[in-house]
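Asker: Next comes entry-v8.txt, compact mmCIF, C-alpha atoms:
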# COMPACT_ATOMS: atom_id res chain seq x y z
CA MET A 19 93.97 89.11 92.86
CA THR A 20 90.36 89.85 93.64
CA GLY A 21 88.60 89.04 96.83
CA ASP A 22 85.10 88.91 98.21
CA GLY A 23 83.19 88.67 101.42
CA GLN A 24 84.80 89.99 104.52
CA ALA A 25 87.07 92.54 102.89
CA ARG A 26 84.37 94.20 100.81
CA PRO A 27 83.77 97.78 101.90
CA LYS A 28 80.24 99.12 101.95
CA PRO A 29 79.07 102.54 100.83
CA GLY A 30 79.19 104.98 103.71
CA GLN A 31 82.31 103.42 105.16
CA GLY A 32 84.68 106.15 106.16
CA ALA A 33 84.22 109.01 108.55
CA SER A 34 81.19 107.60 110.30
CA PRO A 35 81.02 103.88 109.60
CA GLY A 36 77.93 102.08 110.73
CA ILE A 37 75.86 105.21 111.23
CA TRP A 38 72.69 104.99 109.23
CA PRO A 39 71.19 108.35 108.22
CA ALA A 40 68.10 109.09 110.28
CA SER A 41 66.31 111.08 107.61
CA PRO A 42 65.65 110.07 104.01
CA LEU A 43 67.73 111.57 101.24
CA ARG A 44 65.95 114.54 99.68
CA THR A 45 68.64 116.46 97.79
CA VAL A 46 71.99 115.76 96.24
CA ARG A 47 74.28 118.77 96.19
CA LEU A 48 77.42 118.99 94.06
CA THR A 49 80.30 121.35 94.57
CA LYS A 50 80.86 123.88 91.80
CA GLN A 51 84.17 122.24 90.93
CA LEU A 52 82.63 118.79 90.72
CA ARG A 53 79.88 120.07 88.45
CA LEU A 54 82.51 121.56 86.14
CA ASP A 55 84.56 118.36 86.21
CA LEU A 56 81.51 116.25 85.35
CA GLU A 57 80.57 118.48 82.44
CA ARG A 58 84.09 118.32 81.09
CA LEU A 59 84.28 114.57 81.57
CA VAL A 60 81.11 113.72 79.73
CA GLN A 61 82.08 115.88 76.79
CA VAL A 62 85.43 114.21 76.18
CA GLN A 63 84.79 110.60 76.98
CA GLN A 64 84.08 108.04 74.29
CA THR A 65 82.82 105.20 76.47
CA PRO A 66 80.78 105.01 79.67
CA ARG A 67 82.80 105.56 82.79
CA GLY A 68 82.11 104.54 86.35
CA GLY A 69 83.34 106.15 89.50
CA THR A 70 82.88 106.26 93.24
CA LEU A 71 81.28 109.25 94.93
CA PHE A 72 82.79 110.77 98.03
CA GLY A 73 81.02 113.30 100.16
CA ARG A 74 79.24 113.89 103.42
CA ARG A 75 75.68 113.63 104.55
CA GLN A 76 74.03 116.63 106.16
CA ASP A 77 70.55 115.67 107.37
CA GLU A 78 68.45 115.29 104.23
CA GLU A 79 71.15 116.52 101.88
CA LEU A 80 74.08 114.65 100.44
CA HIS A 81 77.01 116.89 99.59
CA ILE A 82 79.22 115.25 97.00
CA GLU A 83 82.72 116.56 96.56
CA TYR A 84 84.51 113.98 94.47
CA LEU A 85 83.91 111.43 91.79
CA LEU A 86 86.96 109.22 91.69
CA PRO A 87 87.73 106.51 89.13
CA SER A 88 86.43 103.07 89.99
CA GLY A 89 89.26 101.24 88.30
CA PRO A 90 92.61 101.59 86.56
CA ARG A 91 92.14 103.76 83.53
CA ALA A 92 92.64 101.07 80.94
CA GLN A 93 89.93 98.97 82.52
CA ASP A 94 87.30 101.51 83.41
CA VAL A 95 84.63 99.61 81.56
CA GLY A 96 85.17 96.23 80.09
CA GLU A 97 85.02 92.76 81.46
CA GLY A 98 82.05 92.56 83.75
CA GLY A 99 80.18 95.41 82.16
CA LEU A 100 79.45 98.87 83.46
CA PHE A 101 79.72 97.96 87.12
CA HIS A 102 82.84 95.90 86.96
CA GLU A 103 84.13 95.99 90.46
CA ASN A 104 87.74 96.39 91.14
CA VAL A 105 87.81 95.67 94.82
CA SER A 106 91.53 96.22 95.32
CA PHE A 107 91.43 99.52 93.48
CA LEU A 108 88.42 100.62 95.53
CA LEU A 109 90.11 99.67 98.80
CA GLY A 110 93.12 101.75 97.79
CA THR A 111 90.89 104.70 96.95
CA VAL A 112 88.97 104.48 100.22
CA ALA A 113 92.24 104.15 102.19
CA ALA A 114 93.69 107.28 100.59
CA MET A 115 90.46 109.23 101.11
CA SER A 116 90.28 108.29 104.78
CA VAL A 117 93.74 109.73 105.32
CA VAL A 118 93.67 112.78 103.06
CA MET A 119 89.98 113.69 103.50
CA PRO A 120 88.80 112.05 106.71
CA GLY A 121 85.57 114.04 106.74
CA LEU A 122 84.34 112.41 103.56
CA SER A 123 83.03 108.92 103.01
CA TRP A 124 81.96 106.70 100.16
CA GLN A 125 78.48 107.88 99.28
CA GLY A 126 77.43 106.10 96.11
CA TYR A 127 78.40 105.57 92.52
CA GLY A 128 78.70 107.75 89.47
CA LEU A 129 78.10 106.88 85.87
CA SER A 130 78.99 109.18 83.03
CA LEU A 131 77.58 108.36 79.62
CA PRO A 132 79.03 109.75 76.41
CA ARG A 133 76.83 111.52 73.89
CA GLY A 134 74.67 109.09 72.00
CA TRP A 135 74.70 106.36 74.64
CA PRO A 136 71.22 104.82 75.01
CA TYR A 137 69.42 106.69 77.77
CA ASN A 138 65.75 106.07 78.37
CA ARG A 139 63.72 105.23 81.45
CA GLU A 140 63.98 101.50 80.87
CA THR A 141 67.74 101.28 80.48
CA LEU A 142 68.13 103.72 83.34
CA ASP A 143 66.02 101.65 85.73
CA ALA A 144 67.99 98.58 84.73
CA ARG A 145 71.28 100.34 85.49
CA VAL A 146 70.05 101.52 88.88
CA GLN A 147 68.88 98.04 89.79
CA GLU A 148 72.18 96.61 88.58
CA ALA A 149 74.12 99.04 90.74
CA GLY A 150 71.94 98.01 93.67
CA VAL A 151 72.61 94.35 93.08
CA HIS A 152 76.34 95.08 93.18
CA GLY A 153 75.87 96.81 96.53
CA LEU A 154 77.10 100.10 95.11
CA ILE A 155 73.98 102.11 95.92
CA ASP A 156 70.98 101.91 98.22
CA ASP A 157 68.27 104.23 99.55
CA ALA A 158 70.80 106.67 100.99
CA ARG A 159 73.68 106.42 98.54
CA PRO A 160 72.66 107.33 95.00
CA LEU A 161 73.66 106.49 91.50
CA LEU A 162 74.65 109.76 89.89
CA VAL A 163 74.13 109.69 86.15
CA VAL A 164 75.84 112.28 83.98
CA SER A 165 74.75 112.46 80.37
CA GLN A 166 74.55 114.81 77.46
CA VAL A 167 71.16 115.32 75.87
CA GLU A 168 71.22 117.60 72.84
CA ALA A 169 74.41 119.38 73.91
CA VAL A 170 73.10 119.97 77.43
CA VAL A 171 74.86 118.16 80.25
CA GLN A 172 72.42 116.62 82.68
CA VAL A 173 73.15 115.25 86.12
CA ALA A 174 70.53 113.13 87.83
CA ALA A 175 70.55 111.02 90.99
CA TYR A 176 68.65 107.83 91.68
CA VAL A 177 68.23 105.70 94.77
CA LEU A 178 66.55 102.39 95.47
CA ARG A 179 63.60 102.57 97.86
CA ASP A 180 61.99 99.22 98.62
CA GLY A 181 63.30 97.87 95.36
CA GLN A 182 61.91 100.79 93.34
CA VAL A 183 63.96 103.37 91.50
CA ALA A 184 63.38 106.86 92.88
CA GLU A 185 64.86 110.09 91.57
CA VAL A 186 66.45 112.60 93.95
CA PRO A 187 66.87 116.23 92.81
CA VAL A 188 70.42 117.43 92.16
CA CYS A 189 71.64 120.99 92.83
CA PRO A 190 72.98 122.76 90.91
CA MET B 25 88.97 115.84 86.48
CA SER B 26 91.85 114.67 84.36
CA LEU B 27 94.60 112.72 85.98
CA SER B 28 98.08 112.62 84.62
CA LEU B 29 99.98 109.41 84.07
CA THR B 30 102.13 108.59 87.02
CA ARG B 31 104.92 106.23 87.93
CA ALA B 32 102.27 103.76 89.08
CA HIS B 33 100.49 103.81 85.74
CA HIS B 34 103.71 103.22 83.88
CA ARG B 35 104.66 100.40 86.17
CA PHE B 36 101.36 98.56 86.46
CA LEU B 37 99.78 99.28 83.11
CA GLY B 38 102.94 98.48 81.20
CA LEU B 39 103.09 101.79 79.40
CA GLN B 40 105.84 102.39 76.89
CA GLY B 41 108.30 105.23 76.83
CA PRO B 42 110.17 106.99 79.62
CA ALA B 43 108.42 107.25 82.97
CA PRO B 44 106.93 110.69 83.50
CA SER B 45 109.44 113.07 84.96
CA GLN B 46 108.45 114.49 88.28
CA PRO B 47 107.72 118.16 88.62
CA ASP B 48 110.45 120.73 89.07
CA GLU B 49 113.00 119.91 91.68
CA ALA B 50 112.87 116.15 91.47
CA HIS B 51 115.91 115.98 89.21
CA GLU B 52 118.10 117.48 91.90
CA ALA B 53 119.99 114.88 93.94
CA LEU B 54 118.35 114.18 97.28
CA THR B 55 120.22 115.33 100.36
CA ALA B 56 117.57 115.26 103.06
CA PHE B 57 114.24 113.74 103.97
CA THR B 58 111.44 115.27 106.01
CA LEU B 59 108.51 113.52 107.59
CA HIS B 60 105.36 115.60 107.68
CA PRO B 61 102.75 115.22 110.43
CA GLU B 62 100.48 112.70 108.70
CA ALA B 63 103.45 110.48 107.83
CA LEU B 64 104.80 110.82 111.34
CA LYS B 65 101.44 109.77 112.75
CA THR B 66 101.52 106.68 110.55
CA LEU B 67 105.06 105.93 111.67
CA HIS B 68 103.95 105.93 115.31
CA GLN B 69 101.00 103.68 114.52
CA LEU B 70 103.18 101.25 112.58
CA LEU B 71 105.56 100.83 115.48
CA LEU B 72 102.93 100.31 118.18
CA ALA B 73 102.94 96.53 118.12
CA PRO B 74 104.78 93.73 116.34
CA GLY B 75 103.02 91.95 113.51
CA LEU B 76 103.65 91.29 109.86
CA LEU B 77 106.47 92.86 107.94
CA LEU B 78 104.89 95.93 106.39
CA SER B 79 105.95 98.06 103.47
CA GLY B 80 104.43 100.34 100.92
CA PRO B 81 104.79 103.44 98.78
CA LEU B 82 105.54 106.78 100.31
CA TYR B 83 104.10 109.93 98.76
CA GLY B 84 105.63 113.37 98.87
CA HIS B 85 107.30 116.07 96.87
CA SER B 86 110.90 117.08 96.33
CA TRP B 87 112.10 120.62 96.79
CA GLN B 88 115.69 121.78 96.60
CA GLY B 89 117.07 118.35 97.31
CA VAL B 90 114.74 117.66 100.22
CA LEU B 91 112.13 114.94 99.95
CA HIS B 92 109.07 115.99 101.94
CA THR B 93 107.14 112.85 102.78
CA ARG B 94 103.44 113.40 103.37
CA LEU B 95 101.94 109.94 103.30
CA LEU B 96 103.03 106.40 104.09
CA ALA B 97 100.61 104.19 102.21
CA PRO B 98 99.94 100.47 102.64
CA GLY B 99 101.28 98.23 99.90
CA GLY B 100 97.81 96.76 99.61
CA TYR B 101 95.11 95.14 101.64
CA ALA B 102 97.24 93.28 104.18
CA TRP B 103 95.44 89.93 104.01
CA TRP B 104 95.80 89.75 100.25
CA LEU B 105 99.52 90.46 100.04
CA ASP B 106 101.95 87.59 99.82
CA PRO B 107 103.73 87.58 103.22
CA ASP B 108 106.80 85.95 101.66
CA VAL B 109 107.39 88.82 99.26
CA PRO B 110 109.08 91.61 101.28
CA LEU B 111 108.12 94.56 99.10
CA ALA B 112 104.85 93.11 97.82
CA LEU B 113 102.59 95.60 96.15
CA ASP B 114 98.96 95.18 95.19
CA GLU B 115 98.98 96.95 91.84
CA ARG B 116 95.30 97.85 91.72
CA TYR B 117 95.28 99.02 95.31
CA THR B 118 98.32 101.21 94.61
CA LEU B 119 96.72 102.64 91.49
CA GLY B 120 93.52 103.41 93.41
CA TYR B 121 95.44 105.03 96.25
CA GLY B 122 97.68 107.01 93.91
CA ASP B 123 94.80 108.23 91.73
CA ALA B 124 92.94 109.44 94.82
CA VAL B 125 96.04 111.24 96.14
CA GLN B 126 96.51 112.89 92.79
CA ALA B 127 92.85 113.92 92.55
CA LEU B 128 92.90 115.42 96.03
CA CYS B 129 96.41 116.81 96.34
CA GLY B 130 97.49 117.37 92.76
CA SER B 131 100.20 115.54 90.85
CA TRP B 132 102.98 117.36 92.64
CA ILE B 133 102.53 114.85 95.47
CA HIS B 134 103.91 111.74 93.86
CA TRP B 135 105.11 108.21 94.64
CA ALA B 136 108.52 109.28 95.83
CA GLY B 137 109.93 106.22 97.51
CA HIS B 138 109.11 103.23 99.69
CA TRP B 139 108.94 102.46 103.39
CA LEU B 140 109.45 99.29 105.39
CA VAL B 141 108.93 98.10 108.96
CA ALA B 142 110.22 94.71 110.08
CA ALA B 143 107.86 92.20 111.72
CA HIS B 144 109.49 92.67 115.13
CA ARG B 145 109.37 96.46 114.67
CA GLN B 146 113.05 96.68 115.69
CA TRP B 147 115.66 98.62 113.84
CA PRO B 148 117.01 96.28 111.13
CA THR B 149 120.67 95.28 111.05
CA PRO B 150 122.90 96.65 108.28
CA GLU B 151 122.80 93.22 106.63
CA GLU B 152 119.01 93.21 106.65
CA GLN B 153 118.94 96.75 105.30
CA LEU B 154 121.28 95.87 102.45
CA ALA B 155 119.19 92.83 101.55
CA TRP B 156 116.03 94.92 101.39
CA LEU B 157 117.74 97.70 99.48
CA ARG B 158 118.97 95.18 96.90
CA GLN B 159 115.50 93.68 96.66
CA GLY B 160 114.05 97.16 96.21
CA GLN B 161 116.57 97.96 93.51
CA ARG B 162 115.77 94.71 91.69
CA ASP B 163 112.08 95.50 91.89
CA GLY B 164 112.59 98.98 90.51
CA LEU B 165 111.28 100.49 93.73
CA VAL B 166 114.52 101.92 95.07
CA ASP B 167 116.98 104.15 93.20
CA ALA B 168 118.79 107.47 93.58
CA ALA B 169 115.54 109.41 93.35
CA HIS B 170 113.41 106.94 95.32
CA PRO B 171 114.82 106.03 98.74
CA LEU B 172 113.69 103.31 101.12
CA LEU B 173 112.59 104.56 104.53
CA PHE B 174 113.40 102.18 107.36
CA MET B 175 111.66 102.61 110.71
CA GLY B 176 112.02 100.74 113.98
CA TRP B 177 112.81 100.72 117.67
CA SER B 178 116.44 101.08 118.58
CA GLU B 179 117.35 100.91 122.29
CA GLY B 180 113.95 102.24 123.30
CA HIS B 181 113.93 105.08 120.77
CA LEU B 182 112.09 105.45 117.49
CA ARG B 183 114.53 105.49 114.63
CA ALA B 184 113.94 106.35 110.98
CA GLU B 185 116.40 106.61 108.13
CA ALA B 186 115.97 106.91 104.39
CA MET B 187 118.50 104.98 102.37
CA SER B 188 119.34 104.04 98.85
CA LEU B 189 121.93 102.08 96.91
CA ASP B 190 124.34 103.57 94.47
CA ARG B 191 123.82 101.58 91.30
CA GLY B 192 127.44 101.67 90.25
CA THR B 193 129.32 101.19 93.50
CA ASP B 194 126.67 99.27 95.45
CA GLU B 195 127.32 101.70 98.25
CA VAL B 196 124.56 102.48 100.72
CA TRP B 197 123.85 106.13 101.26
CA THR B 198 121.66 107.59 103.95
CA LEU B 199 119.52 110.69 103.98
CA GLU B 200 119.15 112.64 107.14
CA VAL B 201 115.55 112.37 108.35
CA GLN B 202 113.97 115.44 109.86
CA THR B 203 110.47 116.00 111.06
CA ASP B 204 108.24 118.96 110.52
CA PRO B 205 109.05 121.58 113.18
CA GLY B 206 106.65 121.53 116.09
CA TYR B 207 106.18 117.78 116.18
CA CYS B 208 107.94 115.03 118.10
CA ALA B 209 111.28 114.07 116.62
CA PRO B 210 111.90 110.36 116.09
CA GLY B 211 113.22 109.00 119.35
CA GLU B 212 111.18 111.22 121.62
CA ALA B 213 108.51 109.68 123.78
CA THR B 214 105.23 109.28 122.02
CA PRO B 215 102.06 110.49 123.77
As structure tokens, please, write out the structure in this file.
Answerer:
Amino acid sequence: MTGDGQARPKPGQGASPGIWPASPLRTVRLTKQLRLDLERLVQVQQTPRGGTLFGRRQDEELHIEYLLPSGPRAQDVGEGGLFHENVSFLLGTVAAMSVVMPGLSWQGYGLSLPRGWPYNRETLDARVQEAGVHGLIDDARPLLVVSQVEAVVQVAAYVLRDGQVAEVPVCP
Amino acid sequence: MSLSLTRAHHRFLGLQGPAPSQPDEAHEALTAFTLHPEALKTLHQLLLAPGLLLSGPLYGHSWQGVLHTRLLAPGGYAWWLDPDVPLALDERYTLGYGDAVQALCGSWIHWAGHWLVAAHRQWPTPEEQLAWLRQGQRDGLVDAAHPLLFMGWSEGHLRAEAMSLDRGTDEVWTLEVQTDPGYCAPGEATP
């Protein structure tokens, strides 16, 4: 059963729903553990994987602590393409997070691309726009893209500012 | 992070083979049941006002025959569950919830049973309990290792008991429910 409209959660829903960040996003900061997890993930996966980012906003920095699956494992990517939304699954994830980690909220979307997956500026911009259309990211909640370029794992973050794709530096 | 296959994955994704065995002490027969603070908080919230019949998975870990319940999770997004199905579960919601619990708490906190609160929030009669236990058994939600936690008001006091059905004899057995020391016991006045 999938639903739409009134039940659909928005990014940022969680610890401080409805509070819009006063300052623009300047830096995305990952925890050491998350960085390790992302590097491991992109090295073993065979197909693109999507996930939801959970973290907290601190002024101009977004601290991301978790990238959780965006759907049941067998259906991570498939019908509907890269941003196939699994609303029920997402609601379950957000519900668990709000109880177990009430200080964190949904702060964007993550995309991990296996080695060899097409990755150039054009396809990237298209993905960011697509994520925006699905309401998964905006100017404060980024799309985190994890990829492997010549054996080096890269993590980049992109937001949508007035319809344009803008990159936000990621540390580390 | 890598997540291990859980009871929920086996159930909802139709995986073959035996369900994953739970860590360590889970094979020991259950003799007691403890509600930890977060679960107790949920219990109080559930019993605040009458409404729909509510049920869902409970998450915890077993240690030396005691099931320590940490979380009482919804069965799904309430408006999308079929109100005529007593132990209705939204499979994707449950997978999402369970995966998040596993990612945050580790796989030692697992789907260890089920909970239920009647629409009127009163303590159910033995007949009602038996009917729900049978339903739970039929649905594969209730067995010797996975009890059903009933909660409700009984003569002005909060009451909670974890029960299961013996598959062979059809006998109902009850686990003593304790709460984490330092918190209100069921039945005491809530703040």
Asker: Kindly provide, as a list of chain:residue names, the residues of chain B having any atom no farther than 7 Å from an atom of chain A, counting all atoms listed in the file.
Answerer: B:Met25, B:Arg116, B:Tyr117, B:Thr118, B:Leu119, B:Gly120, B:Tyr121, B:Ala124, B:Val125
Asker: Could you write out that same residue set with C-alpha atoms as a PDB file, in the frame of the given file?
Answerer:
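Full text of part-v5.pdb as output:
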ATOM      1  CA  MET B  25      88.970 115.840  86.480  1.00  0.00           C
ATOM      2  CA  ARG B 116      95.300  97.850  91.720  1.00  0.00           C
ATOM      3  CA  TYR B 117      95.280  99.020  95.310  1.00  0.00           C
ATOM      4  CA  THR B 118      98.320 101.210  94.610  1.00  0.00           C
ATOM      5  CA  LEU B 119      96.720 102.640  91.490  1.00  0.00           C
ATOM      6  CA  GLY B 120      93.520 103.410  93.410  1.00  0.00           C
ATOM      7  CA  TYR B 121      95.440 105.030  96.250  1.00  0.00           C
ATOM      8  CA  ALA B 124      92.940 109.440  94.820  1.00  0.00           C
ATOM      9  CA  VAL B 125      96.040 111.240  96.140  1.00  0.00           C
TER      10      VAL B 125
END
Asker: Set the distance at 12 Å and use only C-alpha atoms: which residues neighbour A:Tyr176 once local chain neighbours fewer than 6 positions away are removed? I'd like the list as a count of residues only.
Answerer: 35
Asker: Any idea what's packed within 9 Å of stretch 136-142 of chain B, counting all atoms listed in the file, ignoring anything in its chain fewer than 6 positions away? Could you give it as number ranges by chain?
Answerer: B: 70-71, 74-86, 91, 93, 96-97, 110-111, 148, 156, 160, 165-167, 169-176, 186
Asker: Hey, what's within 9 Å of B:Pro61 if we count all atoms listed in the file and toss same-chain stuff fewer than 4 positions away? As a ChimeraX atom specification, please?
Answerer: /B:65-66,94-95,203-204,207
Asker: State, in Å with one decimal place, the distance from atom CA of A:Glu148 to atom CA of A:Val62.
Answerer: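 Taking atom CA of A:Glu148 and atom CA of A:Val62, their separation equals 25.3 Å.
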Asker: If I take atom CA of B:Thr193 and atom CA of B:Ala56, how far is one from the other in Å, to one decimal?
Answerer: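 Calculated distance between atom CA of B:Thr193 and atom CA of B:Ala56 is 20.7 Å.
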Asker: Which residue is closest to A:Pro42? Choose from A:Ala174, A:Leu71, A:Cys189, A:Leu80 and count all atoms listed in the file.
Answerer: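 Nearest to A:Pro42: A:Leu80.
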Asker: Could you check the closest approach to B:Trp132 for each of B:Gly192, B:Thr30, B:Ala112, B:His181 and tell me which residue wins, using all atoms listed in the file?
Answerer: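 Closest candidate: B:Thr30.
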Asker: Can you tell me how far atom CA of B:Gly164 sits from atom CA of B:Leu189, in Å to one decimal?
Answerer: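 Separation of atom CA of B:Gly164 and atom CA of B:Leu189: 11.7 Å.
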Asker: To test the calculation: enclose all listed atoms of stretch 91-98 of chain B in a box whose edges run along x, y and z, add 4 Å on each side, then state centre and edge lengths in Å to one decimal, as AutoDock Vina command-line options.
Answerer:
--center_x 106.0 --center_y 108.2 --center_z 102.0 --size_x 20.2 --size_y 23.5 --size_z 12.1
Asker: Find, counting only C-alpha atoms, the residue in A:His81, A:Arg75, A:Arg133, A:His152 that gets nearest to A:Leu48.
Answerer: A:His81
Asker: Given the point (96.8, 92.6, 99.8) in the file's coordinates, find the residues that have an atom at most 9 Å from it, counting all atoms listed in the file, and give them as a PyMOL selection string.
Answerer: (chain A and resi 19+106) or (chain B and resi 98-106+112-114+117)
Asker: Considering all atoms listed in the file, return as a list in words whatever protein or nucleic-acid residues lie within 9 Å of B:Phe36, sequence-local ones (same chain, fewer than 2 positions apart) excluded.
Answerer: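 The contact residues come out as Arg31, Ala32, His33, His34, Gly38, Leu39, Glu115, Arg116 and Leu119 of chain B.
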Asker: Rebuild N, CA and C atoms on stretch 79-96 of chain B, as a tab-separated table (two decimals), keeping the file's coordinate frame?
Answerer:
chain	number	residue	atom	x	y	z
B	79	SER	N	105.24	97.12	104.34
B	79	SER	CA	105.95	98.06	103.47
B	79	SER	C	104.94	98.67	102.52
B	80	GLY	N	105.34	99.72	101.87
B	80	GLY	CA	104.43	100.34	100.92
B	80	GLY	C	105.03	101.59	100.33
B	81	PRO	N	104.30	102.22	99.42
B	81	PRO	CA	104.79	103.44	98.78
B	81	PRO	C	104.74	104.63	99.74
B	82	LEU	N	105.68	105.52	99.59
B	82	LEU	CA	105.54	106.78	100.31
B	82	LEU	C	105.31	107.89	99.28
B	83	TYR	N	104.48	108.85	99.66
B	83	TYR	CA	104.10	109.93	98.76
B	83	TYR	C	104.61	111.25	99.31
B	84	GLY	N	105.15	112.07	98.43
B	84	GLY	CA	105.63	113.37	98.87
B	84	GLY	C	106.04	114.20	97.68
B	85	HIS	N	106.77	115.25	97.95
B	85	HIS	CA	107.30	116.07	96.87
B	85	HIS	C	108.72	116.49	97.21
B	86	SER	N	109.50	116.71	96.15
B	86	SER	CA	110.90	117.08	96.33
B	86	SER	C	111.08	118.57	96.11
B	87	TRP	N	111.85	119.19	96.93
B	87	TRP	CA	112.10	120.62	96.79
B	87	TRP	C	113.51	120.91	97.24
B	88	GLN	N	114.30	121.41	96.31
B	88	GLN	CA	115.69	121.78	96.60
B	88	GLN	C	116.44	120.67	97.31
B	89	GLY	N	116.31	119.48	96.78
B	89	GLY	CA	117.07	118.35	97.31
B	89	GLY	C	116.48	117.71	98.54
B	90	VAL	N	115.36	118.25	99.04
B	90	VAL	CA	114.74	117.66	100.22
B	90	VAL	C	113.47	116.93	99.81
B	91	LEU	N	113.35	115.68	100.23
B	91	LEU	CA	112.13	114.94	99.95
B	91	LEU	C	111.19	115.10	101.13
B	92	HIS	N	110.07	115.78	100.90
B	92	HIS	CA	109.07	115.99	101.94
B	92	HIS	C	108.03	114.88	101.84
B	93	THR	N	108.05	113.98	102.81
B	93	THR	CA	107.14	112.85	102.78
B	93	THR	C	105.85	113.17	103.51
B	94	ARG	N	104.73	113.07	102.79
B	94	ARG	CA	103.44	113.40	103.37
B	94	ARG	C	102.66	112.16	103.81
B	95	LEU	N	102.76	111.12	103.03
B	95	LEU	CA	101.94	109.94	103.30
B	95	LEU	C	102.75	108.66	103.22
B	96	LEU	N	102.49	107.75	104.17
B	96	LEU	CA	103.03	106.40	104.09
B	96	LEU	C	101.83	105.50	103.81
